[in-house]
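So this block is upload_24.txt, compact mmCIF, C-alpha atoms:
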```
# COMPACT_ATOMS: atom_id res chain seq x y z
CA MET O 25 59.85 10.01 27.07
CA ARG O 26 58.59 10.93 30.55
CA CYS O 27 57.57 7.31 31.11
CA ILE O 28 61.02 6.12 30.09
CA LEU O 29 62.73 8.63 32.40
CA PHE O 30 60.44 7.63 35.26
CA LEU O 31 61.19 3.96 34.68
CA LEU O 32 64.95 4.59 34.59
CA SER O 33 64.73 6.64 37.78
CA PHE O 34 62.78 3.88 39.51
CA VAL O 35 65.35 1.25 38.46
CA LEU O 36 68.24 3.40 39.74
CA ILE O 37 66.48 3.90 43.06
CA MET O 38 65.93 0.16 43.45
CA ILE O 39 69.56 -0.62 42.59
CA ASN O 40 70.83 1.79 45.22
CA GLN O 41 68.48 0.60 47.94
CA PRO O 42 70.27 -1.28 50.73
CA GLN O 43 69.87 -4.99 50.25
CA SER O 44 67.33 -6.34 52.66
CA ALA O 45 65.74 -9.75 52.71
CA GLU O 46 63.06 -9.26 55.31
CA ALA O 47 60.41 -11.12 53.38
CA ALA O 48 57.18 -12.55 54.66
CA ASP O 49 58.17 -16.11 53.83
CA ASP O 50 59.84 -18.25 56.47
CA LYS O 51 63.40 -19.12 55.48
CA ALA O 52 65.84 -21.92 56.24
CA ALA O 53 69.31 -22.78 54.94
CA PHE O 54 70.00 -26.48 55.28
CA VAL O 55 72.34 -29.25 54.19
CA ARG O 56 71.53 -32.32 52.14
CA LYS O 57 73.95 -34.93 50.87
CA ASP O 58 74.26 -33.05 47.58
CA GLY O 59 74.92 -29.57 48.96
CA LEU O 60 73.44 -26.50 50.63
CA TRP O 61 69.80 -25.66 50.03
CA LEU O 62 67.60 -22.63 50.65
CA LYS O 63 63.94 -22.88 51.63
CA GLU O 64 61.67 -19.83 51.32
CA GLY O 65 58.06 -20.52 52.14
CA GLU O 66 57.22 -23.53 49.99
CA MET O 67 59.93 -22.88 47.41
CA GLU O 68 63.38 -24.45 47.69
CA ARG O 69 66.53 -24.44 45.58
CA ARG O 70 70.08 -25.68 45.85
CA ILE O 71 72.53 -22.80 46.23
CA VAL O 72 75.79 -24.73 46.68
CA GLN O 73 76.59 -28.00 44.93
CA GLU O 74 79.20 -29.29 47.33
CA PRO O 75 78.81 -32.40 49.53
CA ASN O 76 81.28 -31.23 52.17
CA VAL O 77 79.46 -28.14 53.45
CA SER O 78 78.17 -27.24 56.92
CA HIS O 79 77.28 -24.50 59.43
CA PRO O 80 74.92 -22.32 57.34
CA ARG O 81 74.19 -18.98 59.01
CA PHE O 82 71.82 -16.18 57.94
CA SER O 83 72.90 -12.57 58.33
CA SER O 84 70.70 -10.47 60.62
CA ASN O 85 68.59 -9.16 57.73
CA GLY O 86 68.53 -12.47 55.86
CA THR O 87 70.40 -11.19 52.81
CA TYR O 88 73.53 -13.29 53.23
CA ILE O 89 74.16 -16.92 54.14
CA SER O 90 77.60 -17.92 55.34
CA TYR O 91 78.75 -21.52 55.24
CA VAL O 92 81.87 -23.59 55.79
CA SER O 93 83.28 -25.82 53.08
CA GLY O 94 86.28 -28.05 52.47
CA ASN O 95 86.51 -29.77 55.88
CA HIS O 96 86.35 -26.51 57.83
CA LYS O 97 89.07 -24.93 55.67
CA GLU O 98 87.04 -22.43 53.64
CA LEU O 99 84.53 -19.76 54.64
CA TRP O 100 82.07 -18.68 51.96
CA VAL O 101 79.21 -16.19 51.78
CA TYR O 102 76.19 -16.46 49.49
CA ASN O 103 74.13 -13.38 48.59
CA ARG O 104 70.49 -14.43 48.56
CA VAL O 105 69.49 -11.44 46.39
CA THR O 106 72.21 -11.47 43.71
CA ARG O 107 72.79 -15.25 44.01
CA LEU O 108 76.55 -14.68 43.94
CA LYS O 109 79.04 -16.59 46.10
CA ARG O 110 82.27 -15.24 47.57
CA LYS O 111 85.09 -16.99 49.39
CA VAL O 112 86.14 -14.75 52.29
CA PHE O 113 88.70 -16.90 54.10
CA ASP O 114 91.05 -19.86 53.59
CA GLY O 115 92.11 -21.66 56.75
CA ASP O 116 90.69 -23.23 59.89
CA VAL O 117 87.21 -21.79 60.50
CA SER O 118 85.04 -21.99 63.61
CA LEU O 119 82.30 -20.04 65.43
CA THR O 120 80.93 -18.03 62.47
CA ARG O 121 78.58 -15.29 63.73
CA TRP O 122 76.90 -12.33 62.03
CA SER O 123 76.60 -8.84 63.47
CA PRO O 124 73.10 -8.24 64.90
CA VAL O 125 72.78 -4.91 63.07
CA GLU O 126 75.06 -4.93 60.00
CA SER O 127 76.35 -7.16 57.21
CA LYS O 128 79.53 -7.96 59.11
CA LEU O 129 80.64 -11.54 59.66
CA ALA O 130 82.99 -12.68 62.43
CA TRP O 131 84.71 -16.02 62.89
CA LYS O 132 87.66 -17.63 64.62
CA SER O 133 90.73 -19.21 63.08
CA GLY O 134 92.67 -20.87 65.86
CA SER O 135 92.61 -18.26 68.61
CA VAL O 136 92.38 -15.31 66.21
CA LEU O 137 89.06 -13.45 65.97
CA ASN O 138 88.44 -12.04 62.49
CA VAL O 139 85.76 -9.87 60.88
CA ILE O 140 84.75 -8.77 57.38
CA ASP O 141 82.28 -6.14 56.17
CA LEU O 142 80.24 -7.70 53.34
CA SER O 143 78.50 -4.42 52.52
CA LYS O 144 81.78 -3.32 50.91
CA PRO O 145 82.40 -5.50 47.84
CA SER O 146 86.17 -4.94 47.79
CA SER O 147 86.71 -5.35 51.52
CA SER O 148 89.05 -7.96 52.99
CA PHE O 149 88.92 -9.51 56.42
CA GLN O 150 90.62 -7.91 59.42
CA ASN O 151 92.14 -9.46 62.54
CA VAL O 152 90.28 -8.17 65.59
CA ILE O 153 92.26 -9.71 68.44
CA LEU O 154 94.46 -12.68 69.28
CA GLY O 155 93.97 -15.13 72.14
CA ALA O 156 90.19 -15.40 71.87
CA GLY O 157 88.39 -18.29 73.48
CA ASN O 158 84.68 -17.91 72.77
CA TYR O 159 82.90 -14.68 71.80
CA SER O 160 79.64 -12.99 70.86
CA TRP O 161 78.72 -9.71 69.23
CA ALA O 162 77.60 -6.88 71.49
CA PRO O 163 73.96 -5.92 70.77
CA ASP O 164 74.93 -2.67 69.00
CA GLY O 165 77.38 -4.44 66.69
CA LYS O 166 80.25 -2.16 67.72
CA GLY O 167 82.28 -4.80 69.50
CA PHE O 168 82.47 -8.23 71.08
CA VAL O 169 82.43 -9.89 74.46
CA VAL O 170 85.37 -12.29 74.38
CA SER O 171 86.45 -14.93 76.88
CA SER O 172 89.98 -16.15 77.43
CA SER O 173 90.91 -19.81 77.75
CA ALA O 174 92.41 -20.85 81.08
CA ASN O 175 95.97 -22.19 81.26
CA LEU O 176 97.28 -24.95 83.48
CA GLU O 177 99.87 -23.43 85.80
CA PRO O 178 101.96 -24.89 88.65
CA ASP O 179 99.36 -23.86 91.23
CA GLY O 180 96.33 -24.94 89.17
CA TRP O 181 94.27 -23.53 86.34
CA SER O 182 94.30 -19.79 85.76
CA PRO O 183 90.86 -18.11 85.91
CA VAL O 184 88.86 -17.31 82.79
CA ARG O 185 88.62 -13.60 81.99
CA LEU O 186 85.96 -11.73 80.02
CA PHE O 187 86.78 -8.73 77.82
CA TYR O 188 85.05 -6.16 75.67
CA VAL O 189 86.84 -5.78 72.32
CA PRO O 190 85.75 -3.11 69.79
CA VAL O 191 85.23 -4.38 66.26
CA ASN O 192 88.00 -2.06 64.99
CA ALA O 193 90.58 -3.15 67.57
CA ASN O 194 92.91 -4.50 64.85
CA GLY O 195 95.03 -6.24 67.47
CA ASP O 196 95.56 -3.08 69.54
CA LEU O 197 95.64 -4.26 73.17
CA LYS O 198 95.03 -0.71 74.41
CA LYS O 199 91.50 -0.88 73.01
CA VAL O 200 90.62 -4.03 74.98
CA GLN O 201 88.64 -3.52 78.19
CA ASN O 202 88.48 -6.05 81.01
CA ILE O 203 84.89 -6.85 82.04
CA THR O 204 85.43 -9.33 84.85
CA THR O 205 87.33 -12.39 85.97
CA LEU O 206 85.51 -15.61 86.76
CA PRO O 207 86.17 -17.33 90.10
CA LYS O 208 89.34 -19.36 90.49
CA MET O 209 89.27 -23.14 90.52
CA SER O 210 87.73 -24.46 93.74
CA GLN O 211 85.64 -27.33 95.04
CA THR O 212 82.46 -25.46 94.03
CA PHE O 213 83.52 -23.84 90.72
CA PHE O 214 85.79 -24.80 87.84
CA ALA O 215 85.96 -23.35 84.32
CA ILE O 216 88.58 -23.26 81.61
CA GLY O 217 86.35 -21.67 78.96
CA THR O 218 82.85 -20.50 78.05
CA THR O 219 80.12 -20.92 75.50
CA GLU O 220 78.75 -18.01 73.48
CA PHE O 221 77.12 -15.09 75.31
CA LYS O 222 73.38 -14.37 75.07
CA TRP O 223 71.98 -10.93 75.86
CA GLY O 224 68.92 -10.19 77.97
CA LEU O 225 66.14 -7.74 77.22
CA ASP O 226 67.86 -4.51 78.24
CA ASP O 227 71.29 -5.46 76.82
CA GLN O 228 72.80 -5.03 80.27
CA TRP O 229 73.01 -8.70 81.26
CA PHE O 230 74.46 -11.58 79.29
CA ALA O 231 74.22 -15.28 80.05
CA PHE O 232 76.69 -18.04 79.24
CA ILE O 233 77.87 -21.48 80.33
CA ALA O 234 81.25 -21.71 82.09
CA CYS O 235 82.81 -25.05 81.12
CA PRO O 236 85.46 -27.14 82.91
CA THR O 237 87.70 -29.73 81.19
CA ALA O 238 86.05 -32.00 78.63
CA SER O 239 85.64 -35.06 80.86
CA MET O 240 84.01 -33.00 83.63
CA SER O 241 82.01 -30.87 81.20
CA ALA O 242 80.20 -33.97 79.95
CA ASP O 243 78.52 -34.19 83.37
CA SER O 244 78.20 -30.64 84.68
CA ASN O 245 78.81 -27.01 83.76
CA THR O 246 77.85 -23.69 85.34
CA LEU O 247 75.28 -21.29 83.93
CA MET O 248 76.15 -17.68 84.80
CA VAL O 249 74.94 -14.14 84.14
CA VAL O 250 77.19 -11.07 84.15
CA SER O 251 76.38 -7.39 83.74
CA LEU O 252 78.01 -5.56 80.85
CA ASP O 253 80.13 -3.40 83.18
CA GLY O 254 81.23 -6.49 85.10
CA SER O 255 80.05 -5.12 88.45
CA ARG O 256 77.55 -7.94 88.94
CA LYS O 257 77.88 -11.64 88.26
CA LYS O 258 75.78 -14.52 89.46
CA ILE O 259 75.88 -18.30 89.28
CA ILE O 260 72.43 -19.52 88.20
CA GLY O 261 72.74 -23.31 88.23
CA ASN O 262 74.35 -26.45 86.83
CA MET O 263 73.58 -27.84 83.38
CA LEU O 264 75.14 -29.61 80.42
CA ASP O 265 77.31 -27.86 77.84
CA GLN O 266 74.39 -27.33 75.45
CA PRO O 267 74.26 -23.76 74.05
CA ASN O 268 70.72 -24.40 72.78
CA TRP O 269 69.56 -25.11 76.33
CA PHE O 270 69.40 -21.54 77.62
CA HIS O 271 67.44 -18.63 76.15
CA TRP O 272 66.14 -15.28 77.41
CA SER O 273 62.47 -14.43 77.22
CA PRO O 274 61.60 -12.20 74.22
CA ASN O 275 60.26 -9.28 76.29
CA LYS O 276 60.88 -10.10 79.96
CA LYS O 277 63.95 -10.25 82.18
CA LYS O 278 63.62 -14.00 82.52
CA LEU O 279 66.09 -16.70 81.58
CA ALA O 280 64.96 -20.25 80.83
CA PHE O 281 67.41 -23.14 80.92
CA ILE O 282 67.59 -26.91 81.24
CA LYS O 283 68.83 -27.58 84.75
CA GLY O 284 70.48 -30.82 85.83
CA ILE O 285 73.75 -32.73 85.89
CA GLY O 286 74.79 -36.10 84.46
CA ARG O 287 75.78 -36.82 80.87
CA LEU O 288 72.54 -38.63 80.01
CA THR O 289 70.20 -36.13 78.34
CA SER O 290 67.30 -38.45 79.16
CA GLU O 291 67.64 -38.19 82.93
CA ASN O 292 67.51 -35.42 85.54
CA LYS O 293 66.99 -32.56 83.10
CA ARG O 294 64.33 -29.96 83.97
CA LEU O 295 63.10 -26.85 82.20
CA THR O 296 63.74 -24.06 84.72
CA LEU O 297 62.98 -20.35 84.81
CA TRP O 298 65.15 -17.70 86.51
CA ASP O 299 63.74 -14.21 87.10
CA ALA O 300 66.46 -11.56 86.86
CA LYS O 301 64.38 -9.05 88.84
CA SER O 302 63.52 -11.19 91.86
CA GLY O 303 66.20 -13.85 91.59
CA LYS O 304 63.44 -16.44 91.95
CA GLU O 305 63.84 -19.84 90.30
CA THR O 306 60.83 -21.85 89.07
CA ASN O 307 60.82 -25.49 88.06
CA LEU O 308 58.78 -25.91 84.85
CA GLY O 309 59.63 -29.58 84.43
CA PHE O 310 57.31 -32.54 84.97
CA ASP O 311 58.04 -35.48 87.25
CA GLY O 312 59.19 -38.56 85.36
CA TYR O 313 60.14 -36.59 82.25
CA ALA O 314 63.41 -35.11 80.96
CA ASP O 315 63.61 -31.86 78.95
CA GLY O 316 65.95 -30.74 76.15
CA ASP O 317 65.93 -28.21 73.30
CA PHE O 318 63.30 -25.49 73.62
CA THR O 319 62.07 -22.24 72.11
CA TRP O 320 60.13 -19.29 73.54
CA ARG O 321 56.84 -18.94 71.64
CA SER O 322 55.96 -15.83 73.66
CA ASP O 323 56.66 -14.49 77.14
CA LYS O 324 53.93 -16.85 78.38
CA GLU O 325 54.71 -20.04 76.45
CA ILE O 326 57.73 -22.27 75.90
CA VAL O 327 57.79 -25.26 73.55
CA VAL O 328 60.22 -27.90 74.79
CA SER O 329 61.42 -31.28 73.53
CA ARG O 330 60.38 -33.66 76.33
CA GLN O 331 60.64 -37.42 76.90
CA ILE O 332 59.91 -40.04 79.54
CA GLU O 333 63.04 -40.44 81.65
CA TRP O 334 65.26 -43.46 81.16
CA GLY O 335 68.72 -44.51 82.38
CA TRP O 336 71.50 -46.78 81.22
CA ASP O 337 69.68 -49.83 82.60
CA VAL O 338 66.74 -49.39 80.21
CA PRO O 339 67.08 -51.57 77.06
CA VAL O 340 67.52 -49.66 73.81
CA ASP O 341 64.21 -50.83 72.37
CA LYS O 342 62.41 -49.63 75.52
CA ARG O 343 63.86 -46.13 75.60
CA SER O 344 61.35 -43.37 74.96
CA LYS O 345 61.77 -40.75 72.24
CA PRO O 346 61.21 -36.98 72.63
CA PHE O 347 58.01 -35.22 71.65
CA LEU O 348 57.14 -31.50 71.81
CA ALA O 349 55.19 -30.03 74.71
CA SER O 350 53.79 -26.54 75.21
CA VAL O 351 54.55 -25.24 78.70
CA ASN O 352 52.64 -22.40 80.37
CA VAL O 353 55.29 -20.20 82.01
CA GLY O 354 52.83 -18.90 84.58
CA ASP O 355 51.84 -22.15 86.26
CA GLY O 356 54.04 -24.82 84.63
CA SER O 357 51.09 -26.69 83.13
CA ALA O 358 51.85 -28.45 79.86
CA LYS O 359 50.13 -30.09 76.92
CA LYS O 360 51.51 -32.46 74.32
CA LEU O 361 51.85 -30.88 70.87
CA THR O 362 53.25 -33.70 68.74
CA LYS O 363 53.04 -37.46 68.52
CA PRO O 364 56.06 -38.73 66.58
CA GLY O 365 55.83 -42.25 65.21
CA LEU O 366 57.54 -45.34 66.60
CA PHE O 367 61.33 -44.82 66.77
CA GLU O 368 60.92 -41.13 65.80
CA ALA O 369 61.96 -38.12 67.89
CA ASP O 370 60.93 -34.46 67.78
CA VAL O 371 63.82 -32.13 68.65
CA TYR O 372 65.30 -28.68 67.95
CA PRO O 373 62.09 -26.55 68.00
CA LYS O 374 62.30 -23.01 66.60
CA THR O 375 59.83 -20.13 66.46
CA LEU O 376 59.73 -18.66 62.96
CA VAL O 377 59.33 -15.02 61.97
CA SER O 378 55.74 -15.72 60.95
CA GLY O 379 54.97 -17.16 64.37
CA ASP O 380 54.87 -20.72 63.05
CA LEU O 381 56.64 -23.52 64.90
CA ALA O 382 59.29 -25.65 63.17
CA TRP O 383 61.26 -28.60 64.48
CA VAL O 384 63.42 -31.54 63.39
CA ARG O 385 61.92 -35.04 63.31
CA THR O 386 64.48 -37.83 63.35
CA SER O 387 64.23 -41.60 63.03
CA ILE O 388 66.71 -44.20 64.27
CA HIS O 389 66.09 -46.17 61.07
CA ALA O 390 66.87 -43.28 58.67
CA ALA O 391 70.12 -41.55 57.79
CA GLU O 392 68.19 -38.36 57.04
CA ALA O 393 65.70 -36.25 58.96
CA LYS O 394 62.67 -34.07 58.25
CA VAL O 395 61.76 -30.56 59.32
CA MET O 396 58.17 -30.29 60.40
CA ILE O 397 56.10 -27.13 60.63
CA LYS O 398 52.88 -26.20 62.42
CA THR O 399 51.22 -22.92 61.54
CA ALA O 400 49.96 -20.53 64.17
CA SER O 401 46.40 -20.84 62.87
CA SER O 402 46.27 -24.60 62.45
CA GLN O 403 46.94 -27.53 64.74
CA LYS O 404 47.86 -29.81 61.84
CA GLU O 405 51.57 -30.37 61.27
CA LYS O 406 53.17 -30.99 57.88
CA VAL O 407 56.56 -31.76 56.42
CA TRP O 408 58.40 -28.56 55.47
CA ILE O 409 61.84 -29.91 54.53
CA GLU O 410 62.75 -33.46 53.54
CA LYS O 411 66.09 -35.29 53.40
CA LEU O 412 67.87 -33.06 55.91
CA ARG O 413 71.35 -34.40 56.50
CA THR O 414 72.02 -35.57 60.05
CA PRO O 415 75.01 -34.12 61.96
CA GLN O 416 78.17 -36.17 61.55
CA ASP O 417 81.22 -34.24 62.72
CA CYS O 418 79.31 -32.34 65.42
CA SER O 419 76.56 -33.03 67.90
CA SER O 420 74.29 -30.09 67.11
CA TRP O 421 71.67 -29.56 64.44
CA ALA O 422 73.12 -26.06 64.02
CA CYS O 423 75.77 -27.70 61.82
CA MET O 424 73.11 -28.72 59.33
CA ILE O 425 70.38 -26.08 59.42
CA ASP O 426 69.78 -22.42 60.25
CA ILE O 427 66.20 -21.20 60.48
CA TYR O 428 65.97 -17.46 59.98
CA GLN O 429 64.68 -15.72 63.08
CA ALA O 430 65.30 -12.02 62.26
CA ARG O 431 68.21 -11.70 64.67
```
With the file now loaded, output its structure as structure tokens.
Amino acid sequence: MRCILFLLSFVLIMINQPQSAEAADDKAAFVRKDGLWLKEGEMERRIVQEPNVSHPRFSSNGTYISYVSGNHKELWVYNRVTRLKRKVFDGDVSLTRWSPVESKLAWKSGSVLNVIDLSKPSSSFQNVILGAGNYSWAPDGKGFVVSSSANLEPDGWSPVRLFYVPVNANGDLKKVQNITTLPKMSQTFFAIGTTEFKWGLDDQWFAFIACPTASMSADSNTLMVVSLDGSRKKIIGNMLDQPNWFHWSPNKKKLAFIKGIGRLTSENKRLTLWDAKSGKETNLGFDGYADGDFTWRSDKEIVVSRQIEWGWDVPVDKRSKPFLASVNVGDGSAKKLTKPGLFEADVYPKTLVSGDLAWVRTSIHAAEAKVMIKTASSQKEKVWIEKLRTPQDCSSWACMIDIYQAR
């Protein structure tokens, strides 16, 4: 009898434990032609049998995976532990982002920012605020930094404004706090919106790209940093509108980004480091090469997708393809990590929870891609995921895959 009571007590304790998915296995949610799949270590399984699915996103603890279905008209959440699915919203869906500390999911529908608490089974979504441009969660999960979208007025474009909005604002304008206003349109600065906001080490600075109109944004945008209280803001440099091209160091007040203007990603793009303490800028690029997607492996190493530069005048069959290079942050020295085959390209590197390195390998002759992985203890790469669907309605691999990084 005592054994039975002990067993029942143990089961009850496990049932009431908060759901957490912080497992040792590396995890990825990715899209194939036949639906949404989950990869955990070497095991994979299909979790959604629906061809029209995109934008998978892990929650901060890895328990939930959100995804968009039905041509951006439905927002769903899959519970990785219970294996149950739940539709949380019907309507236009964009910019789905999880709270960094809780099981709360935010998204935009038009200009309305919404949020839902998935830890409460009977909860429904709430409107946070209207008129949102882009946004990101604050590090403590209690609110958002939200940008406005500029309007064309008789005397030119209105300036973009940044706000702090608490998660429980519920449309109450009195709860909204103005952080700062970006510079007005001039010969040296022009922005009508922003990308997402990325927080530095001490949660006091956030970085973002200020973007002009679409035609101008294809050639040049402005990377900026702003302090949380809005008292300090600084223009860092010009770059393309590529949210995956700027990342803070894991444990240092340093911001890496791909500097350079011009819509060709294969020309005039340099991995660059900005030190928030000294304001010093360091070129980590290599003459004759162009840089792209990158990931911090540690405070001393960055892995970047790099290729020999080429311009419009280079024939298609002569254009180089990206490979991965490991860059020493201290002195800028680099070594080649991968050697993709003819007509293949290595892009979108990510550092996994285990410390392993994963990236996407594409081929111009294939409609699908592979995800490669290299373990921290071995120099030999291997295929981790096959038949990854290539992006169709968007230009980013984030539409097709999310690699869990314990956000």
Hey, could you make a per-residue contact list for range 184-234 of chain O against range 247-263 of chain O with 9 Å as the cut-off, showing the nearest pair of atoms and its distance in Å to one decimal, counting all atoms listed in the file, sorted by chain and number, as a Markdown table?
```
| residue | atom | partner | partner_atom | distance |
| --- | --- | --- | --- | --- |
| O:Leu186 | CA | O:Gly254 | CA | 8.7 |
| O:Tyr188 | CA | O:Leu252 | CA | 8.8 |
| O:Asn202 | CA | O:Gly254 | CA | 8.3 |
| O:Ile203 | CA | O:Gly254 | CA | 4.8 |
| O:Thr204 | CA | O:Gly254 | CA | 5.1 |
| O:Thr205 | CA | O:Gly254 | CA | 8.5 |
| O:Leu206 | CA | O:Lys257 | CA | 8.7 |
| O:Asp227 | CA | O:Leu252 | CA | 7.8 |
| O:Gln228 | CA | O:Leu252 | CA | 5.3 |
| O:Trp229 | CA | O:Ser251 | CA | 4.4 |
| O:Phe230 | CA | O:Val249 | CA | 5.5 |
| O:Ala231 | CA | O:Val249 | CA | 4.3 |
| O:Phe232 | CA | O:Met248 | CA | 5.6 |
| O:Ile233 | CA | O:Leu247 | CA | 4.4 |
| O:Ala234 | CA | O:Leu247 | CA | 6.3 |
```
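For Lys394 in chain O, the residues within 6 Å (counting only C-alpha atoms, excluding itself and residues fewer than 4 positions away along the chain) are Val384, Arg385, Ile409, Glu410 and Leu412 of chain O.
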Could you write out the selected residues, including C-alpha atoms, as a short mmCIF file (atom, residue, chain, number, x, y, z; two decimals), in the frame of the given file?
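Written file, selection-v9.cif:
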```cif
data_model
loop_
_atom_site.label_atom_id
_atom_site.label_comp_id
_atom_site.auth_asym_id
_atom_site.auth_seq_id
_atom_site.Cartn_x
_atom_site.Cartn_y
_atom_site.Cartn_z
CA VAL O 384 63.42 -31.54 63.39
CA ARG O 385 61.92 -35.04 63.31
CA ILE O 409 61.84 -29.91 54.53
CA GLU O 410 62.75 -33.46 53.54
CA LEU O 412 67.87 -33.06 55.91
#
```
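Distance check against Glu305 in chain O using all atoms listed in the file: of O:Lys411, O:Lys293, O:Lys359, O:Lys278, the minimum falls on O:Lys278.
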Two-atom distance - CA of Lys304 in chain O, CA of Asp355 in chain O (Å):
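Calculated distance between CA of Lys304 in chain O and CA of Asp355 in chain O is 14.1 Å.
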Please provide as a ChimeraX atom specification all residues within 9 Å of range 87-104 of chain O, with the sequence filter that same-chain residues fewer than 6 positions apart are discarded (counting all atoms listed in the file).
/O:43-46,53,60,62,71-72,74-81,110-118,120-122,127,129,142
Would you please work out which residue, of O:Phe213, O:Ile282, O:Arg287, O:Gly379, is nearest to Ala238 in chain O when using only C-alpha atoms?
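Nearest candidate to Ala238 in chain O out of O:Phe213, O:Ile282, O:Arg287, O:Gly379: O:Arg287.
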